[in-house]
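Heads up, the thing below is written out as structure tokens.
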Amino acid sequence: MKKTLIAALAAATLAAAGRASAQSDKLQLSDYVQSVKLSGDLRLRHDAQLATAGRGSRNRERFRARYGFVAKGSGGVTAVLRLASGTGAQGSANQTEQNQFSQKGVYIDLAEMSWKADDVLTLSGGRMANPFWAGWESSLVWDPDLNPEGYAQAADLPHGVFVRAGQFPINESASFANAGPWMFAERVGVKAPVGGATATLAVDDNYFTNLHRHPDGAVQTNFGNTTQASGVLASRFHVVHVWGELKGKARGLPVALSGGYVNNVADSIGSRRFGFIAGAQLGEASKARTWEAAYYYKYLEADATPANQVDDDFGPGGTNLAGHLFWVAYAPKDNVQLKLSFYDTRVLGALTGTGYTSSRWMGHALADIMVKI
């Protein structure tokens, strides 16, 4: 198995470099590799924060560039490698256009190995596409661009039952030997037809060990969580997430209704430990001349979930926030999408040392052009 994985990675890397046959314009792949798919995307964004603490509007021009490969090998082995722009932050590959045209960094966005052991079970490891992201109902716990690191297992059982598990190391420090913070996530759900639609219902259990014992070492630090004077989190986290989705069609257009609820059932500070989201999407801007529109309302109290993992575009990003999310998108071509998004949020409680007071309004507008490569 080890030799198979190494051979698959080596062959895929050569293929990505463009090594071609002398007799053909097709790529020469190792016998271990069945196929290699190269893909990526480039997104240009105007990012406007319409109200911030003690300042007027903030406007940024940003881009996100991602490119990599998926190599499928024999025996159910798959290797994924993707590079991306950014600053190394956990929840974003965006790069702000600044610093007098200075060059920008490239980071490892995905480095994942997976093995489909049989028709039911798949095992994964490395830095992976989030196996727990299901849609905007997942933004109560996750940022849509966050790729966790560690190990994951997925089982798809008869009658639409599915099970997911993940073991994700969050940080490591020699100062806290054998006490590094981890996230242990489990999901049990079912997906079944309901009339002419498809319904999904699931429960996630997210348990965090030792997170409250470490100073915040995250590259991206979101607002919201209650902290002690020393800077460490004041709350432990054991987040239960219940969510559901109903997908169907109305007059030929895709329609999706979804919602979720989270509750931090650990020993938290005070009572600010729950949140919810509900909304709908009409249409899907995935093919040429298609469109979509969506609306969600989200309410997320300060210690409902670790702030650094949730949506960094919702207001100032993080928890202790409530408000509305709107977006409209149109695809003029199969590989091009235009999108306008707006977050209309307010702060639920004063955030010490930030200048954000209770009920402060936060507007965040995004205008995107994305091209798939």
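Following the order of the structure tokens, chains are lettered A, B, ..., residues in each are numbered from 1, and ligands are numbered from 1.
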Quiz prompt | Distance query Gly166 (chain A) at most 6 Å, only C-alpha atoms, self and fewer than 5 positions along chain excluded, as a PyMOL selection string | solution = chain A and resi 151-152+184-185
Based on the selection just made, write C-alpha atoms of those residues as a JSON list (two decimals), in the first residue's frame.
```json
[["chain", "number", "residue", "atom", "x", "y", "z"],
["A", 151, "TYR", "CA", -7.86, 11.81, 9.49],
["A", 152, "ALA", "CA", -11.42, 11.10, 8.35],
["A", 184, "PHE", "CA", -13.11, 14.86, 17.25],
["A", 185, "ALA", "CA", -16.15, 15.04, 14.95]]
```
Quiz item: Tell me, which residues of region 1-242 of chain A carry DSSP helix (DSSP H, G or I), written as a PyMOL selection string?
Solution: chain A and resi 2-16+74-76+136-140+158-160+174-176+211-213
Exercise. Give me the residues within 10 Å of Gly231 (chain A) as JSON, numbers by chain, counting only C-alpha atoms and dropping any in the same chain fewer than 2 places off.
Key: {"A": [212, 213, 214, 215, 216, 226, 227, 228, 229, 233, 234]}
Those residues you just picked out, can you put them in a file as a PDB file, in the first residue's frame with C-alpha atoms?
```pdb
ATOM      1  CA  HIS A 212      -9.099  26.260  26.220  1.00  0.00           C
ATOM      2  CA  ARG A 213      -5.575  25.591  27.551  1.00  0.00           C
ATOM      3  CA  HIS A 214      -3.646  27.146  24.660  1.00  0.00           C
ATOM      4  CA  PRO A 215      -3.093  30.788  23.709  1.00  0.00           C
ATOM      5  CA  ASP A 216      -4.645  31.524  20.321  1.00  0.00           C
ATOM      6  CA  THR A 226     -15.075  34.863  25.570  1.00  0.00           C
ATOM      7  CA  THR A 227     -11.425  34.948  26.686  1.00  0.00           C
ATOM      8  CA  GLN A 228      -9.630  35.108  30.004  1.00  0.00           C
ATOM      9  CA  ALA A 229      -7.185  37.858  30.971  1.00  0.00           C
ATOM     10  CA  LEU A 233     -10.451  30.805  25.804  1.00  0.00           C
ATOM     11  CA  ALA A 234     -12.730  30.956  28.825  1.00  0.00           C
TER      12      ALA A 234
END
```
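Residues with any atom within 12 Å of Val161 (chain A), counting only C-alpha atoms and excluding same-chain neighbours fewer than 2 positions away, are Val120, Ala154, Ala155, Asp156, Leu157, Pro158, His159, Val163, Arg164, Arg187, Val188, Gly189, Val190, Lys191, Ala192, Ala199, Thr200, Leu201, Ala202 and Val203 of chain A.
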Export of the given selection (C-alpha atoms) as a short mmCIF file (atom, residue, chain, number, x, y, z; two decimals), in the first residue's frame:
```
data_model
loop_
_atom_site.label_atom_id
_atom_site.label_comp_id
_atom_site.auth_asym_id
_atom_site.auth_seq_id
_atom_site.Cartn_x
_atom_site.Cartn_y
_atom_site.Cartn_z
CA VAL A 120 -19.12 1.39 1.83
CA ALA A 154 -16.81 7.98 5.63
CA ALA A 155 -19.35 5.13 5.48
CA ASP A 156 -22.33 5.18 3.13
CA LEU A 157 -24.77 2.49 4.23
CA PRO A 158 -28.00 1.07 2.77
CA HIS A 159 -31.28 3.01 2.89
CA VAL A 163 -21.72 8.11 8.89
CA ARG A 164 -18.73 10.46 9.05
CA ARG A 187 -21.91 12.56 12.08
CA VAL A 188 -24.88 10.25 11.66
CA GLY A 189 -27.51 11.08 9.06
CA VAL A 190 -30.01 9.82 6.54
CA LYS A 191 -30.86 10.95 3.01
CA ALA A 192 -34.16 9.82 1.55
CA ALA A 199 -34.55 15.23 2.36
CA THR A 200 -31.40 15.03 4.48
CA LEU A 201 -31.30 15.04 8.28
CA ALA A 202 -28.13 14.64 10.36
CA VAL A 203 -26.62 15.14 13.81
#
```
Practice problem: Pick out the residues sitting within 7 Å of Tyr107 (chain A), and hand them over as a list in words; count only C-alpha atoms, and ignore anything fewer than 6 positions along from it in its own chain. | Solution: Leu83, Ala84, Ser85 and Gly88 of chain A
Would you save the residues from that selection as a compact mmCIF listing (two decimals), in the first residue's frame, using C-alpha atoms?
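And here's out29.txt as it stands now:
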```txt
# COMPACT_ATOMS: atom_id res chain seq x y z
CA LEU A 83 -1.80 24.95 -4.15
CA ALA A 84 -3.48 28.27 -3.38
CA SER A 85 -2.81 31.95 -2.87
CA GLY A 88 -1.72 30.98 5.20
```
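You can rank A:Asn171, A:Ser358, A:Gln309, A:Thr221 by their closest distance to Arg346 (chain A) using only C-alpha atoms, and at the top of that list sits A:Ser358.
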Exercise. Determine, counting only C-alpha atoms, which protein, DNA and RNA residues have an atom within 10 Å of an atom of Pro169 (chain A); residues of the same chain fewer than 2 positions away are not included. Present the result as a list in words.
Key: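 Residues near the query, excluding close chain neighbours: Pro148, Glu149, Gly150, Tyr151, Gly166, Gln167, Asn171, Glu172, Gly180, Pro181, Trp182, Met183, Phe184, Phe208 and Thr209 of chain A.
Separating CA of Pro306 (chain A) from CA of Phe274 (chain A) is a distance of 11.8 Å.
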Practice problem: Could you please write out, as a PyMOL selection string, every residue of region 74-129 of chain A that DSSP assigns to strand (DSSP E or B)? | Solution: chain A and resi 77-84+95-96+107-116+121-127
Exercise. Might you pull out every residue within 7 Å of Asp312 (chain A), with only C-alpha atoms counted and same-chain residues fewer than 2 positions away left off, and present them as a list in words?
Key: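 Near Asp312 (chain A), the qualifying residues are Gly91, Asp143, Asn222, Val310, Phe314, Pro316, Gly317 and Gly318 of chain A.
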For those residues, write N, CA and C atoms to a file as a CSV table (one decimal), in the first residue's frame.
```csv
chain,number,residue,atom,x,y,z
A,91,GLY,N,-9.0,30.0,7.1
A,91,GLY,CA,-10.3,30.1,6.5
A,91,GLY,C,-10.4,30.8,5.2
A,143,ASP,N,-16.0,27.5,8.4
A,143,ASP,CA,-15.9,28.4,7.3
A,143,ASP,C,-16.0,27.6,6.0
A,222,ASN,N,-10.7,35.3,14.5
A,222,ASN,CA,-12.0,35.9,14.4
A,222,ASN,C,-12.5,36.4,15.7
A,310,VAL,N,-15.4,29.4,12.1
A,310,VAL,CA,-16.6,29.7,11.4
A,310,VAL,C,-16.4,30.9,10.3
A,314,PHE,N,-18.9,36.8,7.6
A,314,PHE,CA,-20.1,37.1,8.3
A,314,PHE,C,-19.8,38.3,9.3
A,316,PRO,N,-17.7,40.9,11.0
A,316,PRO,CA,-16.3,40.9,11.1
A,316,PRO,C,-15.7,39.5,11.1
A,317,GLY,N,-16.6,38.5,11.1
A,317,GLY,CA,-16.1,37.1,11.1
A,317,GLY,C,-16.1,36.6,12.5
A,318,GLY,N,-16.7,35.4,12.7
A,318,GLY,CA,-16.7,34.7,14.0
A,318,GLY,C,-18.0,34.5,14.6
```
Quiz item: How far is it from CA of Lys333 (chain A) to CA of Leu110 (chain A), in Å with one decimal?
Solution: 27.0 Å
Could you list, with a cut-off of 12 Å and counting only C-alpha atoms, the residues of region 125-173 of chain A near region 256-265 of chain A, each shown with its nearest atom pair and the distance in Å rounded to one decimal, rows sorted by chain and ascending number, as a Markdown table?
```
| residue | atom | partner | partner_atom | distance |
| --- | --- | --- | --- | --- |
| A:Ala134 | CA | A:Ser258 | CA | 10.1 |
| A:Gly135 | CA | A:Ser258 | CA | 8.3 |
| A:Trp136 | CA | A:Ser258 | CA | 7.9 |
| A:Glu137 | CA | A:Gly260 | CA | 5.2 |
| A:Ser138 | CA | A:Gly260 | CA | 7.5 |
| A:Ser139 | CA | A:Gly260 | CA | 9.1 |
| A:Leu140 | CA | A:Val262 | CA | 6.9 |
| A:Val141 | CA | A:Val262 | CA | 8.1 |
| A:Trp142 | CA | A:Val262 | CA | 11.7 |
```
Quiz item: From the list A:Asn99, A:Pro254, A:Trp115, A:Asp311, which residue is nearest Trp133 (chain A) when using only C-alpha atoms?
Solution: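 Selected residue with least distance to Trp133 (chain A): A:Asp311.
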Quiz item: When you draw a straight line from CA of Ala331 (chain A) to CA of Lys104 (chain A), how long is it in Å?
Solution: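 According to the coordinates, CA of Ala331 (chain A) and CA of Lys104 (chain A) are separated by 28.5 Å.
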